[in-house]
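Trainee: Can you read through this structure? Questions will come right after.
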Amino acid sequence: MSLLELKGITASYGPAQALFGVDLTLEPGAVCALMGRNGMGKSSTIRVICRLLKHSGGSVSFDGRDIAALPPHRAARLGLGLVPEGRRCFPNLTVRENLIAAARAGDWDLDRVAELFPRLGERAGQMAVSLSGGEQQMLAIGRALMTNPRLLILDEATEGLAPVVRQEIQAAIRRLKSETGMAILLVDKSLSELRQVADSAVILERGTTVWAGPMSGITPEIADQYLGV
């Protein structure tokens with residue numbers, strides 16, 4: 001059984017339709033890259049998955065359960081962990097307070113997050129607002145892991161970060177893939193970096209799935225047609 005399955009998803013923001021038919025399947029323990037140019041519906045798709053945006057057509061299921069009627073907090077309790085675009089850490093809480101704010105019992109705790117991201121352990125007492133952009137991104141990932149999710153969703157997790165920090169976060173994602181049974185849905189613009197970790201990919205064009213398959217199947221022609229500037 002697939003862990004996550006979207007079929008023919010349509011969704012709108014008021015009168016403006018954003019999604020016109022998104023299909024996506026993610027197996028347990030797999031890593032899927034959600035790809036497409038800017039404005040093609042990637043973040044809207046994630047909002048539908050996390051129940052932050054209601055869909056008007058199609059179906060969305062998690063672990064075989066239709067989650068269309070669930071509010072966001074109940075969907076999260078099923079095992080959806082979101083690292084949102086823009087990090088959205090609580091600026092006036094410490095690193096430790098951010099991490100425990102939504103923590104749930106499980107394998108991921110403060111010590112394990114600090115082992116994955118040592119900087120967070122070193123800065124546990126600092127206010128989140130005082131962290132660098134890269135450290136705030138690590139904190140956002142750590143906070144999602146503290147919910148002990150079955151599916152970790154990372155929306156542009158390395159956007160705008162220095163190359164050395166990007167590499168550190170990419171290495172952490174590779175560790176999550178190799179050392180846990182967690183499924184991961186990744187949104188990122190770097191095809192070369194996605195190839196290092198993703199098993200499969202779904203490409204969106206104008207709110208519609210136009211290509212889906214293994215990462216190895218993305219040829220230069222496909223990349224140029226759907227991902228090129």
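Labels used: A, B, ... for chains in the order of the structure tokens, numbers from 1 for residues in each chain, and numbers from 1 for ligands as shown.
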Pull the closest atom pair for each residue of region 18-94 of chain A that gets at most 9 Å from region 178-184 of chain A, along with the distance in Å to one decimal, counting only C-alpha atoms, ordering rows by chain and then ascending residue number, as a tab-separated table.
Mentor:
```
residue	atom	partner	partner_atom	distance
A:Leu26	CA	A:Ala183	CA	7.7
A:Glu27	CA	A:Ala183	CA	7.2
A:Pro28	CA	A:Ala183	CA	5.5
A:Gly29	CA	A:Ala183	CA	4.1
A:Ala30	CA	A:Ala183	CA	4.9
A:Val31	CA	A:Ile184	CA	4.6
A:Cys32	CA	A:Ile184	CA	6.3
A:Ala33	CA	A:Ile184	CA	8.4
```
Trainee: So that I have them on file, write out the residues from the current selection with C-alpha atoms, as a short mmCIF file (atom, residue, chain, number, x, y, z; two decimals), in the first residue's frame.
Mentor:
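Contents of the output file out06.cif:
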```cif
data_model
loop_
_atom_site.label_atom_id
_atom_site.label_comp_id
_atom_site.auth_asym_id
_atom_site.auth_seq_id
_atom_site.Cartn_x
_atom_site.Cartn_y
_atom_site.Cartn_z
CA LEU A 26 4.89 7.91 -2.52
CA GLU A 27 5.80 4.52 -1.08
CA PRO A 28 6.81 3.96 2.57
CA GLY A 29 10.49 4.76 3.15
CA ALA A 30 10.94 6.28 -0.32
CA VAL A 31 12.15 9.76 -1.30
CA CYS A 32 10.20 11.62 -3.98
CA ALA A 33 11.18 14.94 -5.59
#
```
Trainee: Using only C-alpha atoms, can you tell me which of A:Ala212, A:Leu93, A:Ala76, A:Ile169 comes closest to Met146 (chain A)?
Mentor: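 The closest residue to Met146 (chain A) is A:Ala76.
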Trainee: Can you tell me, as number ranges by chain, what residues are no more than 12 Å from region 13-20 of chain A when counting only C-alpha atoms, ignoring any on the same chain fewer than 5 positions away?
Mentor: A: 6-8, 39-48, 52-58, 204-210
Trainee: May I have all residues of region 30-168 of chain A that DSSP, computed from the backbone, assigns to strand (DSSP E), given as a PyMOL selection string?
Mentor: chain A and resi 31-35+55-62+65-66+80-83+151-155
Trainee: Among region 61-108 of chain A, which ones does DSSP assign to alpha helix (DSSP H) (computed from the backbone)? Answer as a PyMOL selection string.
Mentor: chain A and resi 72-77+95-100
